[in-house]
Each structure stands twice: as C-alpha cells, then as structure tokens.
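Here is the file start.cif (mmCIF, C-alpha atoms; chains and numbers go by the auth columns).
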data_data
#
loop_
_atom_site.group_PDB
_atom_site.id
_atom_site.type_symbol
_atom_site.label_atom_id
_atom_site.label_comp_id
_atom_site.label_asym_id
_atom_site.label_seq_id
_atom_site.Cartn_x
_atom_site.Cartn_y
_atom_site.Cartn_z
_atom_site.B_iso_or_equiv
_atom_site.auth_seq_id
_atom_site.auth_asym_id
ATOM 1 C CA MET A 1 31.832 45.560 -10.306 0.00 5 W
ATOM 2 C CA GLU A 2 34.944 46.507 -8.322 0.00 6 W
ATOM 3 C CA THR A 3 32.869 48.653 -5.990 0.00 7 W
ATOM 4 C CA VAL A 4 30.474 45.792 -5.276 0.00 8 W
ATOM 5 C CA LEU A 5 33.333 43.377 -4.597 0.00 9 W
ATOM 6 C CA ALA A 6 35.089 45.902 -2.347 0.00 10 W
ATOM 7 C CA GLY A 7 31.836 46.499 -0.466 0.00 11 W
ATOM 8 C CA LEU A 8 31.284 42.772 -0.029 0.00 12 W
ATOM 9 C CA LEU A 9 34.826 42.260 1.264 0.00 13 W
ATOM 10 C CA LEU A 10 34.408 45.174 3.653 0.00 14 W
ATOM 11 C CA VAL A 11 31.115 43.800 4.988 0.00 15 W
ATOM 12 C CA ILE A 12 32.737 40.378 5.495 0.00 16 W
ATOM 13 C CA GLY A 13 35.664 42.029 7.288 0.00 17 W
ATOM 14 C CA LEU A 14 33.359 44.053 9.512 0.00 18 W
ATOM 15 C CA PHE A 15 31.354 40.925 10.317 0.00 19 W
ATOM 16 C CA PHE A 16 34.471 39.133 11.556 0.00 20 W
ATOM 17 C CA LEU A 17 35.654 42.185 13.507 0.00 21 W
ATOM 18 C CA GLY A 18 32.244 42.364 15.180 0.00 22 W
ATOM 19 C CA LEU A 19 32.419 38.657 15.903 0.00 23 W
ATOM 20 C CA ALA A 20 35.834 39.140 17.523 0.00 24 W
ATOM 21 C CA SER A 21 34.442 41.918 19.693 0.00 25 W
ATOM 22 C CA LEU A 22 31.492 39.789 20.721 0.00 26 W
ATOM 23 C CA GLY A 23 33.828 36.903 21.538 0.00 27 W
ATOM 24 C CA ILE A 24 35.970 39.110 23.750 0.00 28 W
ATOM 25 C CA LEU A 25 32.897 40.258 25.657 0.00 29 W
ATOM 26 C CA ARG A 26 31.084 36.941 25.969 0.00 30 W
ATOM 27 C CA LEU A 27 33.696 34.206 26.356 0.00 31 W
ATOM 28 C CA PRO A 28 34.573 33.053 29.887 0.00 32 W
ATOM 29 C CA ASP A 29 38.368 33.215 30.224 0.00 33 W
ATOM 30 C CA LEU A 30 41.568 34.710 28.897 0.00 34 W
ATOM 31 C CA PHE A 31 42.452 31.839 26.573 0.00 35 W
ATOM 32 C CA THR A 32 39.122 31.646 24.756 0.00 36 W
ATOM 33 C CA ARG A 33 38.985 35.432 24.484 0.00 37 W
ATOM 34 C CA MET A 34 42.458 35.486 22.949 0.00 38 W
ATOM 35 C CA HIS A 35 41.392 32.822 20.487 0.00 39 W
ATOM 36 C CA ALA A 36 38.388 34.877 19.406 0.00 40 W
ATOM 37 C CA ALA A 37 40.444 38.039 19.147 0.00 41 W
ATOM 38 C CA SER A 38 43.266 36.531 17.136 0.00 42 W
ATOM 39 C CA LYS A 39 41.299 34.391 14.684 0.00 43 W
ATOM 40 C CA ALA A 40 38.308 36.584 13.967 0.00 44 W
ATOM 41 C CA ALA A 41 40.217 39.853 14.022 0.00 45 W
ATOM 42 C CA THR A 42 42.766 38.470 11.561 0.00 46 W
ATOM 43 C CA LEU A 43 39.950 37.534 9.186 0.00 47 W
ATOM 44 C CA GLY A 44 38.332 40.937 9.707 0.00 48 W
ATOM 45 C CA ILE A 45 41.508 42.832 8.948 0.00 49 W
ATOM 46 C CA THR A 46 42.062 40.619 5.910 0.00 50 W
ATOM 47 C CA GLY A 47 38.636 41.506 4.544 0.00 51 W
ATOM 48 C CA ALA A 48 39.136 45.224 5.119 0.00 52 W
ATOM 49 C CA LEU A 49 42.585 45.260 3.539 0.00 53 W
ATOM 50 C CA LEU A 50 41.466 43.238 0.537 0.00 54 W
ATOM 51 C CA ALA A 51 38.572 45.666 0.098 0.00 55 W
ATOM 52 C CA ALA A 52 41.077 48.529 0.012 0.00 56 W
ATOM 53 C CA ALA A 53 43.216 46.688 -2.541 0.00 57 W
ATOM 54 C CA VAL A 54 40.214 46.025 -4.784 0.00 58 W
ATOM 55 C CA CYS A 55 38.830 49.540 -4.401 0.00 59 W
ATOM 56 C CA PHE A 56 42.067 51.374 -5.220 0.00 60 W
ATOM 57 C CA SER A 57 43.483 48.701 -7.571 0.00 61 W
ATOM 58 C CA SER A 58 46.898 50.263 -7.990 0.00 62 W
ATOM 59 C CA THR A 59 50.239 48.523 -7.670 0.00 63 W
ATOM 60 C CA PRO A 60 51.535 50.530 -4.663 0.00 64 W
ATOM 61 C CA VAL A 61 48.331 49.989 -2.682 0.00 65 W
ATOM 62 C CA THR A 62 48.185 46.281 -3.538 0.00 66 W
ATOM 63 C CA THR A 63 51.835 45.858 -2.564 0.00 67 W
ATOM 64 C CA LYS A 64 51.239 47.526 0.781 0.00 68 W
ATOM 65 C CA VAL A 65 48.157 45.393 1.387 0.00 69 W
ATOM 66 C CA VAL A 66 50.079 42.196 0.634 0.00 70 W
ATOM 67 C CA LEU A 67 52.881 43.264 2.986 0.00 71 W
ATOM 68 C CA ALA A 68 50.414 44.191 5.732 0.00 72 W
ATOM 69 C CA LEU A 69 48.625 40.852 5.381 0.00 73 W
ATOM 70 C CA PHE A 70 51.925 38.978 5.450 0.00 74 W
ATOM 71 C CA PHE A 71 52.937 40.830 8.611 0.00 75 W
ATOM 72 C CA GLN A 72 49.521 40.192 10.173 0.00 76 W
ATOM 73 C CA PHE A 73 49.563 36.461 9.422 0.00 77 W
ATOM 74 C CA LEU A 74 53.137 36.192 10.645 0.00 78 W
ATOM 75 C CA THR A 75 52.862 38.080 13.940 0.00 79 W
ATOM 76 C CA THR A 76 49.351 37.403 15.261 0.00 80 W
ATOM 77 C CA PRO A 77 49.782 33.658 15.965 0.00 81 W
ATOM 78 C CA VAL A 78 53.196 34.200 17.542 0.00 82 W
ATOM 79 C CA ALA A 79 51.968 37.033 19.759 0.00 83 W
ATOM 80 C CA THR A 80 48.874 35.103 20.830 0.00 84 W
ATOM 81 C CA HIS A 81 50.959 32.045 21.644 0.00 85 W
ATOM 82 C CA MET A 82 53.443 34.059 23.704 0.00 86 W
ATOM 83 C CA ILE A 83 50.686 35.804 25.670 0.00 87 W
ATOM 84 C CA ALA A 84 48.999 32.461 26.379 0.00 88 W
ATOM 85 C CA LEU A 85 52.303 30.923 27.444 0.00 89 W
ATOM 86 C CA SER A 86 53.002 33.828 29.789 0.00 90 W
ATOM 87 C CA ALA A 87 49.508 33.615 31.265 0.00 91 W
ATOM 88 C CA ARG A 88 49.868 29.889 31.807 0.00 92 W
ATOM 89 C CA ARG A 89 53.238 30.359 33.521 0.00 93 W
ATOM 90 C CA ALA A 90 51.692 33.065 35.705 0.00 94 W
ATOM 91 C CA GLY A 91 49.225 30.489 36.996 0.00 95 W
ATOM 92 C CA ILE A 92 46.111 31.384 35.012 0.00 96 W
ATOM 93 C CA ARG A 93 44.173 28.204 34.334 0.00 97 W
ATOM 94 C CA PRO A 94 41.787 27.603 31.437 0.00 98 W
ATOM 95 C CA TRP A 95 38.081 27.691 32.189 0.00 99 W
ATOM 96 C CA GLU A 96 36.415 24.320 32.710 0.00 100 W
ATOM 97 C CA ALA A 97 32.723 23.687 32.345 0.00 101 W
ATOM 98 C CA GLU A 98 30.944 22.406 35.448 0.00 102 W
ATOM 99 C CA ALA A 99 30.236 19.044 33.796 0.00 103 W
ATOM 100 C CA ALA A 100 33.894 18.580 32.822 0.00 104 W
ATOM 101 C CA ARG A 101 35.232 18.865 36.379 0.00 105 W
ATOM 102 C CA PRO A 102 36.058 15.606 38.158 0.00 106 W
ATOM 103 C CA ALA A 103 33.779 14.482 40.948 0.00 107 W
ATOM 104 C CA GLY A 104 34.919 15.112 44.513 0.00 108 W
ATOM 105 C CA PRO A 105 35.190 12.468 47.257 0.00 109 W
ATOM 106 C CA GLU A 106 31.465 12.613 47.997 0.00 110 W
ATOM 107 C CA GLY A 107 30.580 12.229 44.319 0.00 111 W
ATOM 108 C CA GLU A 108 29.737 15.909 43.964 0.00 112 W
ATOM 109 C CA ALA A 109 31.218 18.084 41.266 0.00 113 W
ATOM 110 C CA GLY A 110 33.690 20.686 42.463 0.00 114 W
#

Target format structure tokens, applied to this file:
Amino acid sequence: METVLAGLLLVIGLFFLGLASLGILRLPDLFTRMHAASKAATLGITGALLAAAVCFSSTPVTTKVVLALFFQFLTTPVATHMIALSARRAGIRPWEAEAARPAGPEGEAG
C-alpha cells in the first residue's frame, strides 16, 4: 500500500513539474512564466518529497521532508515576488492581449 501511495504522489509531482515546464515554454511573458514556474513547480516538488517520505517512512527522512517543504513554501513566493518587482522596476511590462489594448485615435487597436 505504501508503494502505491508513493507512486501516486510521485506521478502527481511529475505531472505538476511537467506542467511548470510547459508553462515556461508556452506562456507569453516573464510574469506569467514566473507564475507557472513558482506555483506548479512548488506542487511538483511537494509531490516528489511526500512520495519520498511515504516510501522511506522513517523519522529522519520525514523530518527532512517537512523541513524542505517548509523552506520551499517560505522562499518560493518571496523569491518570485522579488524577481517580479525587479523586472517591473527595470521597465518590463506585462503582456496584454490584443483585445485588451485601448483603441487608438482612429479607433484601431494598438
């Protein structure tokens, strides 16, 4: 039973890590790519670490997993926020869809 649960957690973690990779490749700008990387990769790492904790099921491994997850949940949002703030201050603007842009003086988008 532990092996099945560990395998399921690992598959879920790998799914989210793959989703993060796909988001980094497919999304249009820095801010949306950072969002995909931080959210999905955090869930992916959580799944992989929980799979290790279930698979080994010893107190030292579980303690290390809990500490690693705590560190991950504590640092990832702060790091992502600081990178986004630095990018914004450097003049990088978020991507806007063509339909969301205001109309120009002639009524044309752009």

What are the centre and edge lengths in Å, to one decimal, of the axis-aligned box around all listed atoms of range 5-11 of chain W with 5 Å added on each side, as lines of an AutoDock Vina configuration file?
center_x = 32.8
center_y = 46.0
center_z = -5.4
size_x = 14.6
size_y = 15.3
size_z = 19.8

Matched chain/residue IDs from the PyMOL selection byres ((chain W and resi 14) around 6), as number ranges by chain: W: 11-13, 15-17, 51-52, 55

Let me see the file: selected residues, C-alpha atoms, as a compact mmCIF listing (two decimals), keeping the file's coordinate frame.
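As written to disk, again34.txt reads:
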# COMPACT_ATOMS: atom_id res chain seq x y z
CA GLY W 11 31.84 46.50 -0.47
CA LEU W 12 31.28 42.77 -0.03
CA LEU W 13 34.83 42.26 1.26
CA VAL W 15 31.12 43.80 4.99
CA ILE W 16 32.74 40.38 5.50
CA GLY W 17 35.66 42.03 7.29
CA GLY W 51 38.64 41.51 4.54
CA ALA W 52 39.14 45.22 5.12
CA ALA W 55 38.57 45.67 0.10

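With only C-alpha atoms as the atoms that count, the minimum distance from Val70 in chain W to the choices W:Val82, W:Ile49, W:Ile87, W:Ile28 is reached by W:Ile49.
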
Resolved residues for the PyMOL selection byres ((chain W and resi 59) around 12) as a ChimeraX atom specification: /W:5-14,52-58,60-63,65-66,69

Residue contacts of Arg37 in chain W (12 Å, all atoms listed in the file) excluding same-chain residues fewer than 2 positions away, as number ranges by chain: W: 23-35, 39-45, 84, 87-88, 98-99

One-decimal distance in Å that lies between CA of Gln76 in chain W and CA of Thr46 in chain W: 7.1 Å

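With distances taken over all atoms listed in the file, W:Leu47 is the one residue among W:Pro64, W:Phe75, W:Ser90, W:Leu47 lying closest to Phe19 in chain W.
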
Distance of CA of Arg92 in chain W from CA of Gly22 in chain W, expressed in Å to one decimal place: 27.3 Å

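Among the candidates W:Met86, W:Leu18, W:Gly95, W:Thr50, the residue lying nearest to Leu71 in chain W is W:Thr50 (atoms considered: all atoms listed in the file).
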
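Here CA of Pro81 in chain W is placed at a distance of 20.6 Å from CA of Lys68 in chain W.
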